[in-house]
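A.B. asks: Provided herewith: work-v1.tsv, TSV, C-alpha atoms.
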chain	number	residue	atom	x	y	z
A	1305	ILE	CA	-6.05	140.59	74.02
A	1306	ASN	CA	-6.35	136.83	73.66
A	1307	GLN	CA	-5.49	135.09	76.94
A	1308	ARG	CA	-3.13	132.68	75.15
A	1309	ILE	CA	-1.01	135.68	74.17
A	1310	VAL	CA	-1.13	137.15	77.67
A	1311	ARG	CA	-0.04	133.87	79.27
A	1312	ASN	CA	2.80	133.24	76.82
A	1313	PRO	CA	6.01	133.51	78.92
A	1314	GLN	CA	7.98	134.58	75.84
A	1315	ILE	CA	5.90	137.72	75.41
A	1316	HIS	CA	6.61	140.67	77.70
A	1317	SER	CA	4.08	143.41	78.34
A	1318	ILE	CA	5.20	147.03	77.99
A	1319	GLU	CA	3.22	149.72	79.75
A	1320	ILE	CA	2.69	152.87	77.69
A	1321	PRO	CA	1.84	155.66	80.14
A	1322	MET	CA	-0.81	158.30	79.53
A	1323	PRO	CA	0.56	161.60	78.17
A	1324	ASP	CA	1.57	164.02	80.91
A	1325	PHE	CA	0.74	167.75	81.01
A	1326	ASP	CA	3.62	168.87	78.77
A	1327	GLU	CA	2.88	166.18	76.19
A	1328	ARG	CA	-0.82	167.08	76.12
A	1329	LEU	CA	0.01	170.78	75.81
A	1330	GLU	CA	2.33	170.12	72.87
A	1331	PHE	CA	-0.25	167.90	71.17
A	1332	ILE	CA	-3.08	170.44	71.61
A	1333	ASN	CA	-0.90	173.21	70.16
A	1334	HIS	CA	-0.18	170.93	67.18
A	1335	ILE	CA	-3.91	170.31	66.61
A	1336	LEU	CA	-4.79	174.01	66.85
A	1337	LYS	CA	-2.31	174.80	64.09
A	1338	ASN	CA	-4.35	172.68	61.68
A	1339	GLN	CA	-7.88	173.07	63.02
A	1340	LYS	CA	-9.84	176.21	63.82
A	1341	VAL	CA	-11.82	175.26	66.88
A	1342	GLU	CA	-13.01	177.72	69.51
A	1343	ILE	CA	-12.16	176.87	73.12
A	1344	GLU	CA	-13.61	178.62	76.16
A	1345	MET	CA	-10.50	178.25	78.31
A	1346	SER	CA	-6.77	178.81	77.90
A	1347	ILE	CA	-4.67	176.15	76.18
A	1348	GLU	CA	-2.90	175.45	79.47
A	1349	GLN	CA	-6.23	174.91	81.25
A	1350	LEU	CA	-7.36	172.60	78.45
A	1351	ALA	CA	-4.15	170.58	78.77
A	1352	ASN	CA	-4.72	170.34	82.51
A	1353	ILE	CA	-8.36	169.18	82.48
A	1354	THR	CA	-7.73	166.57	79.76
A	1355	ALA	CA	-5.57	164.57	82.19
A	1356	GLY	CA	-6.39	160.89	81.88
A	1357	LEU	CA	-7.10	161.08	78.13
A	1358	ARG	CA	-4.95	159.59	75.39
A	1359	ARG	CA	-3.86	161.62	72.38
A	1360	ILE	CA	-6.35	159.87	70.11
A	1361	GLN	CA	-9.15	160.74	72.54
A	1362	ILE	CA	-8.09	164.39	72.68
A	1363	GLU	CA	-8.00	164.44	68.87
A	1364	SER	CA	-11.49	162.89	68.79
A	1365	LEU	CA	-12.69	165.70	71.06
A	1366	PHE	CA	-11.48	168.32	68.57
A	1367	ARG	CA	-12.98	166.43	65.62
A	1368	GLN	CA	-16.35	166.23	67.35
A	1369	ALA	CA	-16.31	169.97	68.11
A	1370	SER	CA	-15.24	170.82	64.54
A	1371	LYS	CA	-17.88	168.58	62.93
A	1372	THR	CA	-20.74	169.96	65.06
A	1373	ASN	CA	-19.50	173.58	64.95
A	1374	GLN	CA	-19.43	173.86	68.72
A	1375	LYS	CA	-16.74	175.24	70.95
A	1376	ILE	CA	-14.79	173.07	73.35
A	1377	SER	CA	-16.38	173.84	76.72
A	1378	TYR	CA	-15.87	172.53	80.23
A	1379	GLN	CA	-19.17	170.66	79.99
A	1380	LEU	CA	-18.21	169.02	76.68
A	1381	ILE	CA	-14.92	167.83	78.17
A	1382	LYS	CA	-16.65	166.61	81.35
A	1383	ASP	CA	-19.18	164.57	79.36
A	1384	LYS	CA	-16.51	163.15	77.05
A	1385	LYS	CA	-14.15	162.41	79.92
A	1386	LYS	CA	-16.85	160.70	81.98
A	1387	GLY	CA	-17.70	158.32	79.13
A	1388	ILE	CA	-14.07	157.60	78.28
A	1389	ILE	CA	-12.92	156.98	81.86
A	1390	GLU	CA	-15.85	154.73	82.70
A	1391	GLY	CA	-15.40	152.95	79.36
A	1392	GLU	CA	-11.64	152.52	79.82
A	1393	CYS	CA	-12.23	150.92	83.20
A	1394	PHE	CA	-15.17	148.85	81.92
A	1395	GLY	CA	-17.60	150.18	84.51
A	1396	LEU	CA	-15.19	149.58	87.37
A	1397	VAL	CA	-15.33	153.24	88.40
A	1398	GLU	CA	-17.89	156.02	88.30
A	1399	LEU	CA	-16.94	159.64	87.69
A	1400	ILE	CA	-19.24	161.59	89.99
A	1401	GLU	CA	-20.12	165.29	90.07
A	1402	PRO	CA	-21.58	166.09	93.51
A	1403	LYS	CA	-24.43	168.60	93.53
A	1404	HIS	CA	-23.83	169.76	97.11
A	1405	ASN	CA	-21.00	170.94	99.36
A	1406	LEU	CA	-20.24	171.07	103.07
A	1407	ASP	CA	-22.62	174.02	103.58
A	1408	THR	CA	-25.52	171.59	103.11
A	1409	VAL	CA	-24.31	169.33	105.94
A	1410	GLY	CA	-26.10	170.06	109.21
A	1411	GLY	CA	-24.11	169.92	112.44
A	1412	MET	CA	-20.89	167.88	112.44
A	1413	PHE	CA	-18.92	171.10	112.99
A	1414	GLU	CA	-15.67	169.38	114.02
A	1415	VAL	CA	-15.83	167.10	110.97
A	1416	LYS	CA	-16.54	169.99	108.60
A	1417	ASN	CA	-13.76	172.13	110.08
A	1418	TYR	CA	-11.32	169.23	109.73
A	1419	LEU	CA	-12.33	168.63	106.09
A	1420	ARG	CA	-12.19	172.34	105.25
A	1421	ARG	CA	-8.63	172.57	106.57
A	1422	ILE	CA	-7.74	169.79	104.14
A	1423	ILE	CA	-9.52	171.63	101.30
A	1424	THR	CA	-7.61	174.84	102.08
A	1425	ASN	CA	-4.27	173.01	102.03
A	1426	ILE	CA	-5.12	171.34	98.70
A	1427	LYS	CA	-6.09	174.64	97.06
A	1428	ASP	CA	-3.09	176.49	98.52
A	1429	GLY	CA	-0.69	173.77	97.36
A	1430	ASN	CA	0.37	172.85	100.93
A	1431	TYR	CA	0.48	169.17	100.00
A	1432	ASN	CA	2.66	168.20	102.98
A	1433	ARG	CA	-0.31	169.03	105.23
A	1434	VAL	CA	-2.78	166.93	103.23
A	1435	PRO	CA	-3.39	163.41	104.60
A	1436	MET	CA	-2.89	160.39	102.37
A	1437	GLY	CA	-6.38	159.20	103.22
A	1438	ILE	CA	-9.53	159.83	105.27
A	1439	PHE	CA	-11.48	157.06	106.99
A	1440	PHE	CA	-15.21	157.49	107.78
A	1441	VAL	CA	-16.53	154.90	110.26
A	1442	GLY	CA	-20.12	154.71	111.47
A	1443	PRO	CA	-23.39	152.77	111.33
A	1444	MET	CA	-25.54	152.78	108.20
A	1445	GLY	CA	-27.67	155.89	107.75
A	1446	THR	CA	-25.42	158.31	109.65
A	1447	GLY	CA	-24.52	160.37	106.55
A	1448	LYS	CA	-21.06	159.04	105.66
A	1449	THR	CA	-21.73	159.04	101.90
A	1450	PHE	CA	-23.49	162.42	101.98
A	1451	VAL	CA	-20.57	164.07	103.80
A	1452	ALA	CA	-18.05	162.36	101.50
A	1453	GLU	CA	-19.81	163.69	98.40
A	1454	ALA	CA	-20.10	167.15	99.99
A	1455	PHE	CA	-16.34	167.12	100.57
A	1456	ALA	CA	-15.84	166.01	96.96
A	1457	GLY	CA	-18.01	168.88	95.74
A	1458	GLU	CA	-15.88	171.44	97.56
A	1459	CYS	CA	-12.30	170.17	97.28
A	1460	GLY	CA	-11.99	170.64	93.49
A	1461	LEU	CA	-10.45	167.21	92.82
A	1462	THR	CA	-11.74	164.86	90.12
A	1463	CYS	CA	-13.94	162.44	92.05
A	1464	LEU	CA	-13.98	158.72	91.27
A	1465	LYS	CA	-16.17	156.22	93.06
A	1466	LEU	CA	-14.91	152.66	92.99
A	1467	LYS	CA	-17.45	150.04	92.00
A	1468	ASN	CA	-17.10	146.30	92.52
A	1469	PHE	CA	-13.88	145.35	90.72
A	1470	ARG	CA	-13.84	141.76	91.96
A	1471	ASP	CA	-14.35	138.90	89.49
A	1472	LYS	CA	-14.75	135.14	89.76
A	1473	TRP	CA	-11.88	134.39	87.36
A	1474	VAL	CA	-8.39	133.95	88.80
A	1475	GLY	CA	-6.21	137.00	88.17
A	1476	THR	CA	-9.04	139.19	86.83
A	1477	THR	CA	-9.60	141.03	90.12
A	1478	GLU	CA	-5.94	142.05	90.32
A	1479	ALA	CA	-5.98	143.08	86.63
A	1480	ASN	CA	-9.08	145.22	87.21
A	1481	LEU	CA	-7.41	146.91	90.18
A	1482	GLU	CA	-4.28	147.70	88.15
A	1483	LYS	CA	-6.45	149.20	85.42
A	1484	ILE	CA	-8.10	151.47	87.98
A	1485	LEU	CA	-4.81	152.51	89.62
A	1486	ASN	CA	-3.23	153.30	86.24
A	1487	MET	CA	-6.19	155.54	85.40
A	1488	VAL	CA	-5.99	157.24	88.80
A	1489	LYS	CA	-2.27	157.88	88.32
A	1490	ALA	CA	-2.90	159.39	84.89
A	1491	LEU	CA	-5.66	161.70	86.15
A	1492	GLY	CA	-3.32	163.30	88.69
A	1493	SER	CA	-5.58	165.27	91.04
A	1494	VAL	CA	-8.13	162.72	92.20
A	1495	LEU	CA	-10.36	161.97	95.16
A	1496	ILE	CA	-11.16	158.25	95.34
A	1497	ILE	CA	-14.26	157.28	97.28
A	1498	MET	CA	-14.47	153.66	98.39
A	1499	ASP	CA	-17.62	152.66	100.26
A	1500	GLU	CA	-17.92	149.49	102.35
A	1501	VAL	CA	-14.17	149.06	102.30
A	1502	ASP	CA	-14.39	145.93	104.45
A	1503	ARG	CA	-16.22	144.18	101.60
A	1504	ALA	CA	-14.14	145.67	98.79
A	1505	LEU	CA	-10.79	144.70	100.30
A	1506	GLY	CA	-11.76	141.81	102.49
A	1507	GLY	CA	-9.49	143.18	105.22
A	1508	GLY	CA	-6.62	141.17	103.78
A	1509	ASN	CA	-8.43	137.92	104.65
A	1510	ASP	CA	-7.72	135.51	101.79
A	1511	GLU	CA	-9.65	132.56	103.19
A	1512	GLY	CA	-11.29	130.68	100.30
A	1513	ASP	CA	-10.23	133.00	97.46
A	1514	SER	CA	-6.74	131.69	96.59
A	1515	GLY	CA	-5.06	134.71	98.19
A	1516	THR	CA	-6.85	137.31	96.03
A	1517	SER	CA	-8.00	139.44	99.00
A	1518	SER	CA	-4.51	139.42	100.46
A	1519	ARG	CA	-2.94	140.55	97.17
A	1520	VAL	CA	-5.57	143.25	96.57
A	1521	TYR	CA	-5.19	144.52	100.15
A	1522	ALA	CA	-1.39	144.63	99.84
A	1523	ARG	CA	-1.48	146.40	96.45
A	1524	ILE	CA	-3.86	149.12	97.60
A	1525	LYS	CA	-1.82	149.65	100.79
A	1526	GLU	CA	1.31	149.99	98.65
A	1527	PHE	CA	-0.38	152.52	96.35
A	1528	MET	CA	-1.90	154.51	99.22
A	1529	SER	CA	1.44	154.74	101.04
A	1530	ASP	CA	3.27	156.25	98.05
A	1531	THR	CA	4.14	159.70	99.42
A	1532	THR	CA	4.70	161.13	95.91
A	1533	ASN	CA	0.89	161.06	95.58
A	1534	ARG	CA	0.32	163.22	98.68
A	1535	GLY	CA	-2.03	166.09	97.84
A	1536	LYS	CA	-2.67	164.69	94.36
A	1537	ILE	CA	-4.42	161.40	95.10
A	1538	LEU	CA	-6.61	161.38	98.21
A	1539	TRP	CA	-8.43	158.26	99.38
A	1540	LEU	CA	-11.72	158.60	101.24
A	1541	ILE	CA	-12.83	155.21	102.50
A	1542	MET	CA	-15.95	154.33	104.46
A	1543	SER	CA	-17.05	151.40	106.56
A	1544	ASN	CA	-19.90	150.49	108.89
A	1545	ARG	CA	-17.86	147.61	110.28
A	1546	PRO	CA	-15.32	149.03	112.75
A	1547	ASP	CA	-15.20	145.53	114.25
A	1548	LYS	CA	-13.01	144.56	111.31
A	1549	LEU	CA	-10.19	146.16	113.29
A	1550	ASP	CA	-8.27	143.68	115.45
A	1551	ILE	CA	-9.19	144.97	118.92
A	1552	ASP	CA	-7.08	142.38	120.72
A	1553	LEU	CA	-3.99	143.46	118.82
A	1554	MET	CA	-4.79	147.13	119.46
A	1555	ASN	CA	-5.07	146.38	123.19
A	1556	LYS	CA	-1.67	144.72	123.22
A	1557	ALA	CA	-0.19	147.82	121.62
A	1558	ALA	CA	-2.08	150.12	124.00
A	1559	PHE	CA	-0.69	148.18	126.99
A	1560	GLU	CA	2.84	148.99	125.78
A	1561	LEU	CA	2.11	152.68	126.40
A	1562	LEU	CA	2.32	152.02	130.13
A	1563	ASN	CA	6.00	151.09	129.75
A	1564	TYR	CA	7.04	154.49	128.36
A	1565	THR	CA	7.21	158.06	129.59
A	1566	ASP	CA	8.59	159.99	126.58
A	1567	PHE	CA	5.84	160.43	123.98
A	1568	SER	CA	7.53	162.86	121.61
A	1569	CYS	CA	6.40	160.72	118.67
A	1570	PHE	CA	2.75	161.56	119.45
A	1571	SER	CA	3.24	165.25	120.29
A	1572	LYS	CA	2.45	168.08	117.88
A	1573	SER	CA	5.69	169.47	116.47
A	1574	ASN	CA	7.10	172.87	117.46
A	1575	THR	CA	5.08	173.30	120.66
A	1576	GLN	CA	6.40	175.38	123.55
A	1577	THR	CA	6.65	172.54	126.06
A	1578	PHE	CA	9.71	171.85	128.17
A	1579	THR	CA	9.19	168.10	128.27
A	1580	ASN	CA	7.23	165.45	126.39
A	1581	ASN	CA	7.17	163.10	129.38
A	1582	CYS	CA	3.87	161.70	130.66
A	1583	LYS	CA	2.86	158.84	132.91
A	1584	ILE	CA	0.05	156.78	131.38
A	1585	VAL	CA	-1.74	154.62	133.96
A	1586	GLN	CA	-4.54	153.20	131.81
A	1587	ALA	CA	-5.02	152.54	128.08
A	1588	ILE	CA	-7.85	150.25	126.97
A	1589	VAL	CA	-9.51	149.58	123.60
A	1590	GLU	CA	-12.99	148.05	123.72
A	1591	GLU	CA	-16.15	147.70	121.64
A	1592	GLN	CA	-19.24	149.53	122.90
A	1593	ASN	CA	-22.59	149.47	121.05
A	1594	GLY	CA	-21.01	148.80	117.67
A	1595	SER	CA	-18.28	151.43	118.10
A	1596	ILE	CA	-14.66	151.13	119.20
A	1597	VAL	CA	-13.82	153.20	122.29
A	1598	PHE	CA	-10.29	154.00	123.44
A	1599	THR	CA	-9.97	155.08	127.08
A	1600	ILE	CA	-6.71	156.57	128.31
A	1601	GLU	CA	-5.72	158.03	131.69
A	1602	ALA	CA	-2.48	159.90	132.44
A	1603	ASP	CA	-0.98	162.56	134.67
A	1604	ARG	CA	-0.92	164.95	131.67
A	1605	PHE	CA	-1.49	164.94	127.92
A	1606	LEU	CA	0.58	166.57	125.21
A	1607	ARG	CA	-1.02	168.57	122.43
A	1608	ASN	CA	-2.50	166.23	119.80
A	1609	MET	CA	-1.19	163.23	121.77
A	1610	VAL	CA	-4.38	161.16	122.16
A	1611	ARG	CA	-5.49	161.65	118.55
A	1612	ALA	CA	-2.05	160.59	117.28
A	1613	ILE	CA	-2.04	157.52	119.54
A	1614	VAL	CA	-5.46	156.46	118.21
A	1615	GLY	CA	-4.34	156.98	114.61
A	1616	THR	CA	-1.35	154.72	115.24
A	1617	LEU	CA	-3.45	152.11	117.06
A	1618	VAL	CA	-5.78	151.99	114.04
A	1619	ARG	CA	-2.78	151.04	111.91
A	1620	VAL	CA	-2.10	148.21	114.35
A	1621	GLY	CA	-5.73	147.11	114.19
A	1622	LYS	CA	-5.61	147.04	110.38
A	1623	ASN	CA	-2.44	144.91	110.53
A	1624	GLU	CA	-0.43	147.61	108.79
A	1625	ILE	CA	2.14	147.55	111.61
A	1626	ASN	CA	2.82	145.04	114.39
A	1627	ILE	CA	3.56	145.47	118.11
A	1628	ASP	CA	7.32	145.72	117.53
A	1629	ASP	CA	6.70	148.45	114.94
A	1630	PHE	CA	4.51	150.29	117.46
A	1631	LYS	CA	7.26	150.16	120.10
A	1632	ALA	CA	9.85	151.28	117.54
A	1633	ILE	CA	7.70	154.32	116.72
A	1634	ILE	CA	7.68	155.35	120.39
A	1635	ASP	CA	11.42	154.75	120.70
A	1636	SER	CA	12.09	156.90	117.62
A	1637	LYS	CA	10.59	160.01	119.32
A	1638	ASN	CA	9.77	161.19	115.80
A	1639	ARG	CA	6.25	162.47	115.06
A	1640	SER	CA	6.50	161.62	111.34
A	1641	ASN	CA	6.79	157.91	112.17
A	1642	ALA	CA	3.47	157.76	114.04
A	1643	GLY	CA	0.03	157.45	112.45
A	1644	GLN	CA	-2.19	160.22	111.12
A	1645	SER	CA	-4.10	162.05	113.87
A	1646	VAL	CA	-7.79	161.16	113.91
A	1647	PRO	CA	-10.38	164.00	113.84
A	1648	ALA	CA	-11.04	165.69	117.18
A	1649	CYS	CA	-14.83	165.20	116.91
A	1650	GLY	CA	-14.58	161.82	118.65
A	1651	LEU	CA	-12.42	163.04	121.55
A	1652	PHE	CA	-14.08	163.55	124.94
A	1653	LEU	CA	-12.67	164.59	128.32
A	1654	VAL	CA	-14.36	162.27	130.82
A	1655	LYS	CA	-12.85	163.23	134.17
A	1656	VAL	CA	-10.22	165.44	135.82
A	1657	GLU	CA	-8.75	164.49	139.21
A	1658	TYR	CA	-6.55	166.69	141.42
A	1659	PRO	CA	-4.63	164.39	143.81
A	1660	PHE	CA	-3.84	167.23	146.23
A	1661	ILE	CA	-7.53	168.13	146.73
A	1662	ASN	CA	-9.61	166.04	149.15
What do you get writing this file as structure tokens?
C.D. replies:
Amino acid sequence: INQRIVRNPQIHSIEIPMPDFDERLEFINHILKNQKVEIEMSIEQLANITAGLRRIQIESLFRQASKTNQKISYQLIKDKKKGIIEGECFGLVELIEPKHNLDTVGGMFEVKNYLRRIITNIKDGNYNRVPMGIFFVGPMGTGKTFVAEAFAGECGLTCLKLKNFRDKWVGTTEANLEKILNMVKALGSVLIIMDEVDRALGGGNDEGDSGTSSRVYARIKEFMSDTTNRGKILWLIMSNRPDKLDIDLMNKAAFELLNYTDFSCFSKSNTQTFTNNCKIVQAIVEEQNGSIVFTIEADRFLRNMVRAIVGTLVRVGKNEINIDDFKAIIDSKNRSNAGQSVPACGLFLVKVEYPFIN
């Protein structure tokens, strides 16, 4: 569309959404009444796997199959869908088909068990137990991308890998992002892999780019926090720059833990404990050899408590919540207000002291 038309304040844009499942099913039934094309799956399955395609593209699929006397197969739809999606987003995304699964990943047992629990909940439809996103942090060469693609190969979700959607022209970066998010919404069940997230989003730092990074960061946060997408759109983001987290701000939040005793907001729900009171005597966040280490000392720990605290501190470090928000979460005594628990693979018991033993 000519930019003079787009910028005209007297012209309003109207978004025409992609057809949903029922609309695609109705359209496919209409086509099959007039065309004799063999399909290797049920009509309902065909309507489901054509998510993200427009009616004209679905019709083109049938015409191609009819003209070449071939049946509509899963592979034909995959190939067609890959070209259409990547074309619609002008190379901004890549539809990937991983060739391996978590069985090919050596070691990392805690990570694999954590990811497989997510996979089970997705396949069983327990969407309330599926996280909104997963964050892989580690130095280059530690297998983040390999594990991410293995997870994608096993979870059964359509897997999109975000490419560089930034552009030098004002407003184009935001337009590219909206194009991607609209496609993701239309696809329905999607795993989005974003590598080097610190570069892609800029951490919300808009210095020198007219506020583009700040707007992109805010828009993606808004989209990721939409709970209606839970279990349908899963973000898997990776970074080798944990230092992008604001450690000073995380330390200020961690210090507030020493002023509280009731940590119900960080305790696993429905546990058989008589009290959620603890006395924390030390809570420090520091950088060690390129990693961020959180050290906490208390007279007792509740189930899942430390992992939930770290997940909430990460939100502070990413400037998603401030210190007052952190204190309000503790005051609420509500687990659903705190951050997502981080995987247990990074949790270590360093020391146990018994004060009554000399």
A.B. asks: How many Å lie between CA of Arg1421 in chain A and CA of Val1409 in chain A, rounded to one decimal?
C.D. replies: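 About the pair CA of Arg1421 in chain A and CA of Val1409 in chain A: they are 16.0 Å apart.
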A.B. asks: In terms of the shortest atom-to-atom distance over only C-alpha atoms, which of A:Gly1492, A:Gly1411, A:Gly1535, A:Gly1621 is closest to Met1554 in chain A?
C.D. replies: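 Answer, going by the shortest atom-to-atom distance: A:Gly1621.
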A.B. asks: Which residue gives the smallest distance to Ala1642 in chain A among A:Gln1314, A:Cys1569, A:Glu1601, A:Ser1529, with all atoms listed in the file counted?
C.D. replies: A:Cys1569
A.B. asks: Measuring between only C-alpha atoms, which one of A:Asn1430, A:Asn1608, A:Asn1425, A:Asn1623 shows the shortest distance to Tyr1521 in chain A?
C.D. replies: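 Looking only at the distances to Tyr1521 in chain A, the closest residue turns out to be A:Asn1623.
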A.B. asks: When you draw a straight line from CA of Thr1476 in chain A to CA of Pro1313 in chain A, how long is it in Å?
C.D. replies: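 Distance reported for this atom pair: 17.9 Å.
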A.B. asks: Using Å and a single decimal, report how far CA of Ile1537 in chain A sits from CA of Lys1427 in chain A.
C.D. replies: 13.5 Å
A.B. asks: Find the residue from A:Ile1320, A:Leu1553, A:Ile1600, A:Leu1329 that sits nearest to Leu1617 in chain A; use all atoms listed in the file when measuring.
C.D. replies: A:Leu1553
A.B. asks: Choose the residue, out of A:Leu1461, A:Leu1466, A:Ile1497, A:Leu1561, that has the smallest atom-to-atom separation from Ile1438 in chain A; count all atoms listed in the file.
C.D. replies: A:Ile1497
A.B. asks: I'd like the box whose edges run along x, y and z of the file and which contains every listed atom of range 1639-1645 of chain A, padded by 5 Å per side; could you state its centre and edge lengths in Å, one decimal, as lines of an AutoDock Vina configuration file?
C.D. replies:
center_x = 1.3
center_y = 160.0
center_z = 113.1
size_x = 20.9
size_y = 15.0
size_z = 13.9
A.B. asks: Tell me, counting only C-alpha atoms, for each residue of range 1426-1491 of chain A within 9 Å of range 1352-1371 of chain A, which pair of atoms is nearest and how far apart they are in Å to one decimal, in rows ordered by chain and increasing number, as CSV.
C.D. replies:
residue,atom,partner,partner_atom,distance
A:Met1487,CA,A:Gly1356,CA,6.4
A:Val1488,CA,A:Gly1356,CA,7.8
A:Lys1489,CA,A:Gly1356,CA,8.2
A:Ala1490,CA,A:Gly1356,CA,4.8
A:Leu1491,CA,A:Gly1356,CA,4.4
A.B. asks: Let me make sure I understand: among A:Leu1540, A:Ala1587, A:Leu1350, A:Ile1422, which one has the smallest atom-to-atom distance to Phe1440 in chain A if we use only C-alpha atoms?
C.D. replies: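 Smallest separation from Phe1440 in chain A among the options: A:Leu1540.
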